[in-house]
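> Input file: run_27.cif. Contents: mmCIF, C-alpha atoms.
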data_protein
loop_
_atom_site.label_atom_id
_atom_site.label_comp_id
_atom_site.auth_asym_id
_atom_site.auth_seq_id
_atom_site.Cartn_x
_atom_site.Cartn_y
_atom_site.Cartn_z
CA MET A 133 -42.28 47.11 -10.00
CA PRO A 134 -42.68 50.47 -11.81
CA ALA A 135 -45.78 50.99 -13.93
CA VAL A 136 -45.57 51.12 -17.72
CA ASP A 137 -45.75 54.93 -17.84
CA GLU A 138 -42.91 55.18 -15.31
CA ILE A 139 -40.73 52.97 -17.51
CA SER A 140 -41.68 55.11 -20.53
CA ALA A 141 -40.47 58.21 -18.73
CA LEU A 142 -37.22 56.51 -17.84
CA LEU A 143 -36.68 55.45 -21.44
CA SER A 144 -37.22 58.99 -22.70
CA SER A 145 -34.85 60.61 -20.24
CA ALA A 146 -32.17 57.99 -19.58
CA SER A 147 -30.35 55.11 -21.18
CA ILE A 148 -31.86 51.63 -21.49
CA ASP A 149 -29.41 50.41 -18.83
CA ASP A 150 -30.87 52.90 -16.36
CA ALA A 151 -34.38 51.70 -17.15
CA VAL A 152 -33.35 48.08 -16.69
CA GLU A 153 -31.83 48.88 -13.30
CA ALA A 154 -34.92 50.74 -12.14
CA ALA A 155 -37.44 48.15 -13.33
CA ALA A 156 -35.53 45.05 -12.25
CA PRO A 157 -37.57 42.61 -10.13
CA GLU A 158 -36.22 41.27 -6.87
CA THR A 159 -35.57 37.64 -6.02
CA GLY A 160 -34.89 36.75 -2.42
CA SER A 161 -32.28 39.14 -1.07
CA HIS A 162 -30.97 40.13 -4.51
CA ARG A 163 -32.23 42.58 -7.10
CA PHE A 164 -32.78 40.64 -10.31
CA PRO A 165 -31.30 42.29 -13.40
CA GLY A 166 -34.16 43.06 -15.80
CA PHE A 167 -34.01 41.61 -19.28
CA THR A 168 -34.98 43.24 -22.55
CA VAL A 169 -36.90 42.34 -25.69
CA GLN A 170 -33.59 42.27 -27.56
CA HIS A 171 -32.13 39.78 -25.07
CA VAL A 172 -35.13 37.46 -25.53
CA ASP A 173 -34.78 37.79 -29.33
CA ASN A 174 -31.07 36.96 -29.06
CA CYS A 175 -32.07 33.63 -27.48
CA ALA A 176 -34.41 32.77 -30.37
CA PHE A 177 -33.07 29.84 -32.39
CA SER A 178 -32.85 31.70 -35.72
CA SER A 179 -30.77 34.42 -34.05
CA TRP A 180 -28.00 32.21 -32.67
CA TYR A 181 -27.98 29.18 -35.00
CA PRO A 182 -25.92 30.77 -37.83
CA SER A 183 -23.10 31.57 -35.39
CA PHE A 184 -23.09 28.21 -33.60
CA SER A 185 -24.19 25.74 -36.30
CA ALA A 186 -20.84 23.94 -36.14
CA VAL A 187 -21.30 22.98 -32.49
CA THR A 188 -25.00 22.11 -32.41
CA LEU A 189 -27.37 19.61 -34.01
CA LYS A 190 -28.13 19.95 -37.71
CA SER A 191 -31.39 21.85 -38.11
CA HIS A 192 -33.79 23.33 -40.65
CA ILE A 193 -35.79 26.53 -40.08
CA ILE A 194 -39.17 27.12 -41.76
CA SER A 195 -39.78 30.86 -41.51
CA PRO A 196 -42.15 32.53 -41.27
CA LEU A 197 -44.96 30.17 -40.37
CA PRO A 198 -48.18 31.13 -42.20
CA ASP A 199 -50.60 33.31 -40.21
CA ASP A 200 -53.38 30.74 -40.59
CA PHE A 201 -51.17 28.03 -39.08
CA VAL A 202 -50.29 30.30 -36.14
CA ALA A 203 -54.03 30.90 -35.69
CA TYR A 204 -54.54 27.12 -35.71
CA LEU A 205 -51.98 26.76 -32.90
CA HIS A 206 -53.80 29.48 -30.95
CA ALA A 207 -57.21 27.79 -31.36
CA ASP A 208 -58.70 25.92 -28.41
CA GLY A 209 -58.59 22.14 -28.37
CA ILE A 210 -56.19 19.52 -29.69
CA PHE A 211 -57.04 18.47 -33.23
CA LEU A 212 -55.17 17.76 -36.45
CA PRO A 213 -55.62 19.71 -39.69
CA ASN A 214 -57.74 18.28 -42.49
CA GLU A 215 -56.01 15.71 -44.75
CA VAL A 216 -52.76 15.91 -42.78
CA ASN A 217 -50.21 13.18 -43.51
CA THR A 218 -50.55 10.72 -40.61
CA SER A 219 -48.71 7.80 -42.17
CA GLY A 220 -46.09 6.67 -39.70
CA GLU A 221 -46.25 6.47 -35.94
CA TYR A 222 -49.84 7.66 -35.62
CA ASP A 223 -51.67 5.13 -37.82
CA VAL A 224 -55.13 4.42 -36.38
CA ASP A 225 -55.82 0.86 -35.24
CA SER A 226 -58.48 -0.82 -37.41
CA ASP A 227 -60.29 -1.95 -34.25
CA SER A 228 -61.50 1.64 -33.82
CA ASP A 229 -63.76 1.37 -36.88
CA SER A 230 -66.67 0.15 -34.77
CA ASP A 231 -66.54 3.24 -32.57
CA THR A 232 -66.44 5.51 -35.62
CA ASN A 233 -69.41 3.78 -37.19
CA ALA A 234 -71.43 4.01 -33.97
CA ALA A 235 -70.81 7.74 -33.80
CA ASP A 236 -71.76 8.17 -37.46
CA ASP A 237 -75.10 6.44 -36.80
CA ASP A 238 -76.16 9.35 -34.57
CA ASP A 239 -75.76 11.97 -37.28
CA GLY A 240 -74.29 11.04 -40.60
CA ASN A 241 -73.23 14.61 -41.35
CA ASP A 242 -71.25 15.35 -38.15
CA GLY A 243 -67.99 13.87 -39.39
CA ASN A 244 -68.25 15.59 -42.76
CA ASP A 245 -69.02 18.97 -41.15
CA ALA A 246 -66.05 18.72 -38.79
CA GLU A 247 -63.77 17.74 -41.68
CA ALA A 248 -64.99 20.67 -43.74
CA ASP A 249 -64.32 23.11 -40.89
CA ALA A 250 -60.84 21.79 -40.10
CA PRO A 251 -57.94 23.87 -41.48
CA SER A 252 -55.56 22.53 -44.09
CA PHE A 253 -51.89 23.37 -44.71
CA PRO A 254 -50.72 21.37 -47.74
CA GLU A 255 -47.84 23.70 -48.66
CA LEU A 256 -46.46 23.73 -45.10
CA GLU A 257 -46.83 19.95 -44.88
CA SER A 258 -44.84 19.58 -48.10
CA ARG A 259 -42.01 21.73 -46.74
CA ILE A 260 -41.98 19.80 -43.47
CA THR A 261 -41.90 16.43 -45.24
CA ALA A 262 -38.97 17.55 -47.40
CA ALA A 263 -37.08 18.85 -44.35
CA ILE A 264 -37.62 15.59 -42.45
CA ALA A 265 -36.18 13.65 -45.39
CA ARG A 266 -33.10 15.93 -45.53
CA LEU A 267 -32.53 15.45 -41.80
CA GLY A 268 -32.46 11.66 -41.96
CA GLY A 269 -36.13 10.76 -41.62
CA ALA A 270 -36.75 11.84 -38.01
CA VAL A 271 -36.69 15.21 -36.24
CA PHE A 272 -37.79 16.95 -33.08
CA PRO A 273 -39.59 20.30 -33.39
CA LYS A 274 -39.55 23.63 -31.62
CA LEU A 275 -40.70 27.19 -32.25
CA ASN A 276 -38.54 30.30 -31.77
CA TRP A 277 -37.57 29.36 -28.22
CA SER A 278 -39.34 26.30 -26.86
CA SER A 279 -39.70 22.66 -27.80
CA PRO A 280 -42.94 20.86 -26.79
CA GLN A 281 -41.24 18.75 -24.12
CA ASP A 282 -44.30 19.09 -21.90
CA ALA A 283 -46.52 17.39 -24.51
CA VAL A 284 -44.74 14.05 -25.02
CA TRP A 285 -47.47 12.41 -22.94
CA ILE A 286 -49.81 12.72 -25.93
CA THR A 287 -47.63 10.59 -28.23
CA PHE A 288 -47.74 6.81 -28.41
CA ALA A 289 -43.99 6.48 -27.81
CA ASN A 290 -43.75 9.23 -25.16
CA THR A 291 -41.08 11.01 -27.21
CA LEU A 292 -40.41 14.15 -29.24
CA LYS A 293 -39.36 12.03 -32.23
CA CYS A 294 -41.39 13.02 -35.31
CA THR A 295 -41.45 11.33 -38.71
CA THR A 296 -44.53 13.01 -40.24
CA PRO A 297 -46.16 16.46 -40.23
CA ALA A 298 -48.98 15.00 -38.11
CA ASP A 299 -46.50 14.08 -35.36
CA ILE A 300 -45.26 17.67 -35.29
CA PHE A 301 -48.69 19.29 -35.39
CA LEU A 302 -49.94 17.12 -32.51
CA LEU A 303 -47.01 18.01 -30.24
CA LEU A 304 -47.17 21.73 -31.02
CA LYS A 305 -50.93 21.84 -30.47
CA ALA A 306 -50.75 20.09 -27.08
CA SER A 307 -47.84 22.10 -25.63
CA ASP A 308 -48.14 24.85 -23.02
CA PHE A 309 -44.52 25.79 -23.77
CA VAL A 310 -45.42 26.49 -27.39
CA ALA A 311 -48.47 28.48 -26.30
CA HIS A 312 -46.14 30.59 -24.12
CA ASP A 313 -43.89 31.31 -27.11
CA LEU A 314 -46.91 32.50 -29.07
CA SER A 315 -48.61 34.64 -26.44
CA HIS A 316 -46.16 35.51 -23.65
CA ALA A 317 -42.73 35.56 -25.27
CA TYR A 318 -41.80 39.00 -23.93
CA GLU A 319 -43.55 38.79 -20.59
CA GLY A 320 -41.37 40.40 -17.93
CA CYS A 321 -39.22 42.43 -20.33
CA VAL A 322 -38.49 45.83 -18.81
CA ASP A 323 -38.56 47.75 -22.09
CA MET A 324 -42.00 46.68 -23.31
CA ALA A 325 -43.05 50.34 -23.34
CA ASN A 326 -40.49 50.90 -26.08
CA VAL A 327 -42.23 48.51 -28.51
CA PRO A 328 -43.69 50.48 -31.45
CA ALA A 329 -47.41 51.23 -31.29
CA GLY A 330 -49.57 48.66 -33.06
CA HIS A 331 -47.00 45.88 -32.65
CA ASP A 332 -48.07 42.76 -30.73
CA ARG A 333 -46.21 43.15 -27.45
CA HIS A 334 -46.17 39.44 -26.63
CA GLN A 335 -46.01 37.48 -29.88
CA PRO A 336 -42.77 37.56 -31.92
CA ALA A 337 -42.97 39.45 -35.22
CA THR A 338 -42.01 36.23 -37.02
CA VAL A 339 -42.95 32.76 -35.78
CA ASP A 340 -40.47 30.07 -36.87
CA LEU A 341 -40.74 26.30 -36.96
CA VAL A 342 -37.40 24.66 -36.23
CA LEU A 343 -36.83 21.02 -37.14
CA ARG A 344 -33.76 19.47 -35.52
CA GLU A 345 -32.12 16.21 -36.51
CA TRP A 346 -33.30 13.47 -34.15
CA TYR A 347 -30.89 11.92 -31.68
CA ASP A 348 -31.94 9.78 -28.73
CA LEU A 349 -30.18 11.89 -26.10
CA ALA A 350 -29.51 10.35 -22.70
CA PRO A 351 -31.20 12.56 -20.04
CA SER A 352 -28.28 11.93 -17.68
CA MET A 353 -25.90 13.89 -19.92
CA LEU A 354 -27.96 17.05 -20.27
CA PHE A 355 -26.61 20.10 -18.41
CA ARG A 356 -27.70 23.71 -17.94
CA CYS A 357 -24.98 26.38 -17.72
CA PHE A 358 -25.18 29.91 -16.31
CA VAL A 359 -23.00 32.75 -17.59
CA ARG A 360 -22.81 35.94 -15.56
CA HIS A 361 -20.99 38.95 -17.03
CA GLY A 362 -19.19 36.67 -19.45
CA VAL A 363 -18.06 34.20 -16.78
CA LEU A 364 -19.41 30.65 -16.49
CA VAL A 365 -20.52 30.52 -12.84
CA ALA A 366 -22.62 27.37 -12.46
CA ILE A 367 -23.54 24.08 -14.18
CA SER A 368 -26.52 21.93 -13.21
CA GLN A 369 -27.69 18.43 -14.05
CA ARG A 370 -30.94 18.86 -15.98
CA ASP A 371 -32.60 15.54 -15.13
CA THR A 372 -33.26 16.48 -11.52
CA ALA A 373 -35.59 13.52 -10.86
CA ASN A 374 -32.89 10.83 -11.10
CA TYR A 375 -29.59 9.88 -9.49
CA TYR A 376 -26.73 8.70 -11.70
CA GLU A 377 -23.74 7.32 -9.81
CA PHE A 378 -21.39 7.78 -12.77
CA LEU A 379 -22.04 11.55 -12.67
CA ARG A 380 -20.82 11.66 -9.08
CA LEU A 381 -17.77 9.56 -9.90
CA ASN A 382 -16.85 11.64 -12.96
CA ARG A 383 -17.99 15.07 -11.75
CA ASP A 384 -14.61 16.81 -12.07
CA ASP A 385 -13.92 15.51 -15.58
CA ILE A 386 -17.42 16.39 -16.80
CA CYS A 387 -17.15 19.87 -15.33
CA ALA A 388 -13.75 20.40 -16.97
CA ASP A 389 -15.09 19.30 -20.37
CA VAL A 390 -18.06 21.68 -20.19
CA VAL A 391 -15.84 24.56 -19.08
CA ARG A 392 -13.43 23.83 -21.94
CA PHE A 393 -16.34 23.81 -24.40
CA PHE A 394 -17.53 27.17 -23.08
CA ASP A 395 -14.06 28.71 -23.26
CA THR A 396 -13.40 27.58 -26.83
CA LYS A 397 -16.83 27.59 -28.50
CA ILE A 398 -19.21 29.92 -26.63
CA SER A 399 -17.34 32.58 -24.67
CA GLY A 400 -17.42 36.01 -26.30
CA LYS A 401 -19.62 34.87 -29.19
CA PHE A 402 -23.09 35.41 -27.71
CA PRO A 403 -24.19 39.07 -27.86
CA ASP A 404 -25.24 39.41 -24.19
CA PRO A 405 -22.98 39.25 -21.12
CA CYS A 406 -25.48 37.27 -19.03
CA TYR A 407 -27.30 34.24 -20.42
CA VAL A 408 -28.11 30.56 -19.88
CA PHE A 409 -27.25 27.76 -22.29
CA ASP A 410 -27.93 24.02 -22.43
CA VAL A 411 -25.47 21.35 -23.57
CA TYR A 412 -25.37 17.63 -24.17
CA MET A 413 -22.28 15.49 -23.63
CA ASN A 414 -21.75 12.21 -25.46
CA ALA A 415 -20.84 9.83 -22.62
CA ARG A 416 -18.60 7.71 -24.82
CA THR A 417 -16.66 10.35 -26.81
CA ARG A 418 -17.03 13.17 -24.23
CA ARG A 419 -17.88 15.55 -27.07
CA VAL A 420 -20.09 18.45 -25.99
CA TRP A 421 -22.91 19.84 -28.13
CA LEU A 422 -24.77 23.11 -27.72
CA LEU A 423 -28.54 22.62 -27.56
CA ASP A 424 -30.05 26.00 -26.77
CA PHE A 425 -29.75 29.48 -25.26
CA ASN A 426 -32.20 30.73 -22.63
CA PRO A 427 -32.95 34.21 -21.24
CA TRP A 428 -31.21 35.32 -18.07
CA GLY A 429 -34.43 35.80 -16.13
CA PRO A 430 -36.94 34.32 -13.67
CA SER A 431 -38.75 32.41 -16.43
CA THR A 432 -35.68 30.17 -16.92
CA ASP A 433 -35.51 27.15 -14.60
CA THR A 434 -32.32 27.16 -12.51
CA MET A 435 -32.58 23.40 -11.88
CA LEU A 436 -30.48 22.54 -8.78
CA PHE A 437 -29.49 26.15 -8.06
CA THR A 438 -31.51 29.16 -7.01
CA TRP A 439 -31.30 32.55 -8.70
CA ASP A 440 -30.08 33.98 -5.38
CA GLU A 441 -27.08 31.63 -5.50
CA ILE A 442 -26.32 32.45 -9.13
CA LEU A 443 -26.68 36.21 -8.63
CA ASP A 444 -24.53 36.20 -5.51
CA ASP A 445 -21.18 37.92 -5.97
CA GLY A 446 -19.46 34.80 -4.67
CA ALA A 447 -21.18 32.42 -7.09
CA ALA A 448 -18.04 32.14 -9.19
CA GLY A 449 -15.38 31.60 -6.57
CA LEU A 450 -11.69 32.01 -7.27
CA ASP A 451 -9.30 29.15 -6.85
CA ALA A 452 -6.96 30.06 -4.00
CA ASP A 453 -4.01 28.35 -5.69
CA VAL A 454 -4.43 29.88 -9.13
CA GLU A 455 -4.97 33.62 -9.17
CA ALA A 456 -8.08 34.88 -11.03
CA VAL A 457 -9.15 31.42 -12.25
CA PRO A 458 -12.92 30.93 -11.77
CA ARG A 459 -14.04 27.85 -9.87
CA VAL A 460 -17.23 26.52 -11.44
CA GLU A 461 -19.57 24.27 -9.47
CA LEU A 462 -21.26 21.35 -11.21
CA ARG A 463 -24.28 20.50 -9.11
CA ILE A 464 -25.85 17.03 -9.45
CA ILE A 465 -28.30 14.78 -7.60
CA GLU A 466 -25.99 13.30 -4.99
CA SER A 467 -27.90 10.18 -3.92
CA LEU A 468 -30.85 7.93 -4.66
CA ALA A 469 -32.52 9.26 -1.51
CA GLU A 470 -32.25 12.82 -2.81
CA ALA A 471 -33.81 11.81 -6.12
CA GLN A 472 -36.66 9.94 -4.43
CA GLY A 473 -37.35 12.84 -2.10
CA GLY A 474 -37.22 15.47 -4.81
CA ALA A 475 -39.64 16.84 -7.31
CA ALA A 476 -42.06 14.84 -9.46
CA PRO A 477 -40.95 13.80 -12.96
CA ALA A 478 -40.49 16.69 -15.36
CA PHE A 479 -43.71 18.24 -16.68
CA ALA A 480 -45.88 15.86 -14.62
CA HIS A 481 -48.31 18.70 -13.91
CA ASN A 482 -48.87 19.18 -17.66
CA ARG A 483 -50.52 15.75 -17.80
CA LEU A 484 -53.32 16.66 -15.36
CA PRO A 485 -56.22 19.11 -15.52
CA LYS A 486 -55.10 22.45 -14.05
CA GLU A 487 -57.86 22.25 -11.42
CA VAL A 488 -56.44 18.98 -10.06
CA PHE A 489 -52.91 20.39 -9.92
CA ASP A 490 -54.12 23.55 -8.13
CA LEU A 491 -56.14 21.48 -5.67
CA SER A 492 -53.14 19.37 -4.64
CA ASP A 493 -51.23 22.42 -3.33
CA GLY A 494 -48.35 20.29 -2.05
CA ALA A 495 -50.60 18.00 0.02
CA SER A 496 -49.80 14.37 0.78
CA ILE A 497 -51.63 11.66 -1.15
CA SER A 498 -54.11 11.04 1.71
CA GLU A 499 -54.74 14.77 2.24
CA PHE A 500 -55.24 15.30 -1.47
CA ALA A 501 -57.64 12.33 -1.69
CA SER A 502 -59.75 13.72 1.16
CA LYS A 503 -59.80 17.21 -0.35
CA PHE A 504 -60.63 15.84 -3.80
CA GLN A 505 -63.52 13.79 -2.34
CA ARG A 506 -64.91 16.88 -0.58
CA GLU A 507 -64.75 18.89 -3.81
CA ILE A 508 -66.61 16.17 -5.72
CA LEU A 509 -69.37 16.02 -3.04
CA LEU A 510 -69.62 19.81 -3.06
CA ALA A 511 -69.94 19.88 -6.84
CA GLN A 512 -72.64 17.19 -6.73
CA THR A 513 -74.56 19.08 -4.04
CA SER A 514 -74.37 22.30 -6.04
CA GLY A 515 -75.58 20.44 -9.13
CA ASP A 516 -78.60 19.07 -7.27
CA ASP A 517 -79.57 22.62 -6.27
#
Take the structure in this file and express it as structure tokens.

Amino acid sequence: MPAVDEISALLSSASIDDAVEAAAPETGSHRFPGFTVQHVDNCAFSSWYPSFSAVTLKSHIISPLPDDFVAYLHADGIFLPNEVNTSGEYDVDSDSDSDTNAADDDDGNDGNDAEADAPSFPELESRITAAIARLGGAVFPKLNWSSPQDAVWITFANTLKCTTPADIFLLLKASDFVAHDLSHAYEGCVDMANVPAGHDRHQPATVDLVLREWYDLAPSMLFRCFVRHGVLVAISQRDTANYYEFLRLNRDDICADVVRFFDTKISGKFPDPCYVFDVYMNARTRRVWLLDFNPWGPSTDTMLFTWDEILDDGAAGLDADVEAVPRVELRIIESLAEAQGGAAPAFAHNRLPKEVFDLSDGASISEFASKFQREILLAQTSGDD
């Protein structure tokens, strides 16, 4: 991949399209089309929501988030702000009082010192509480691009459903996806050298908190769609860890409904020719809802496809019987055996220490156990030295 100064030279002497072509990474046997800062910004929620609000979930945007709250999200550790409203799903069980008292016996000032050092965001909390009330009493949060789906393990109900500011703060603080939005949003963009001097090249200029009306969406009816040069070329089941027989039985009808939604509600309205979008279909009414837009780039999960397949010139085949009509493939988990032999549940690696995940390296359970035991013995031996 060309160095930053090489890209700078290209930008000064040629068009941005030329720079994108020259700096594009390769994937498999295909050259991957580079994506730009503007393309990533186009996928930010506040950019597309005004144009598509009629076909997506009702939402409220709090923008910009205060700098001190962004700093709190950046800070190490998972902790709640001082005096945050925790009434609701995160009430503390009274049985924990004995543990708290025991800790206080060691140093009566420790709790007070920690409380004094903790940040506080009363104005932001007030805005969040009001927005939750307007959206029916429950929401799920996201920042400019990502929702904290990888952090649901930290909640009591294992869900993104939030009814208080504390619920939201806890999810945002525990999420690697949110951390990526804050620190690596433009990673991989080919025109980073064109960002004005002094501007943070990875964090968005404005960090938004998006609160979306809560619906208990069935994972089976979530789909990811890929649009190449304005043409819908592929649709994938998003819950790739499970087999749903009704998807196989209704594949053609589901595909037709998603294609119809794209043709009537999405096509020609998004500013870029290549992009990825997510939808949800109500299984009973067959109504399709737009959920999100994603960058056309390696950082976006292709689910049951590969980027090589999507980038291939034959990805959108033409129906032999109807001239120039694209044939779109809806790819699903085809059997229970395929689901059982596939990947681990979504975001499972986010629930383990990174060192454990790295150590596994695709090993079987017995191989991993042996390797883990050796590492523990090695660490103990080193500690004795």
> Give me, please, the distance in Å between atom CA of A:Ala289 and atom CA of A:Tyr376, quoted to one decimal.
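Rounded to one decimal, the two atoms are 23.7 Å apart.
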> Find the distance between atom CA of A:Tyr412 and atom CA of A:Asp348 and write it in Å to one decimal.
11.2 Å
> Identify, on the basis of only C-alpha atoms, every residue whose closest approach to A:Asp173 does not exceed 10 Å; exclude the query and any residue fewer than 3 positions from it along the same chain; express the result as a compact mmCIF listing (two decimals) with C-alpha atoms, in the frame of the given file.

# COMPACT_ATOMS: atom_id res chain seq x y z
CA THR A 168 -34.98 43.24 -22.55
CA VAL A 169 -36.90 42.34 -25.69
CA GLN A 170 -33.59 42.27 -27.56
CA ALA A 176 -34.41 32.77 -30.37
CA PHE A 177 -33.07 29.84 -32.39
CA SER A 178 -32.85 31.70 -35.72
CA SER A 179 -30.77 34.42 -34.05
CA TRP A 180 -28.00 32.21 -32.67
CA ASN A 276 -38.54 30.30 -31.77
CA TRP A 277 -37.57 29.36 -28.22
CA ALA A 317 -42.73 35.56 -25.27
CA TYR A 318 -41.80 39.00 -23.93
CA PRO A 336 -42.77 37.56 -31.92
CA PRO A 427 -32.95 34.21 -21.24
> Between A:Ser252, A:Ser467, A:Asn382, A:Ser191, which has the minimum distance to A:Pro273 (counting all atoms listed in the file)?
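Selected residue with least distance to A:Pro273: A:Ser191.
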> Tell me which residues the PyMOL selection byres ((chain A and resi 436) around 9) grabs here, as a PyMOL selection string.
chain A and resi 367-370+372+433-435+437-438+463-465
> Translate the PyMOL selection byres ((chain A and resi 298) around 12), as applied to the file shown, into an explicit residue set as JSON, numbers by chain.
{"A": [210, 211, 212, 213, 214, 215, 216, 217, 218, 219, 220, 221, 222, 223, 252, 253, 254, 256, 257, 258, 260, 261, 273, 287, 293, 294, 295, 296, 297, 299, 300, 301, 302, 303, 304, 305]}
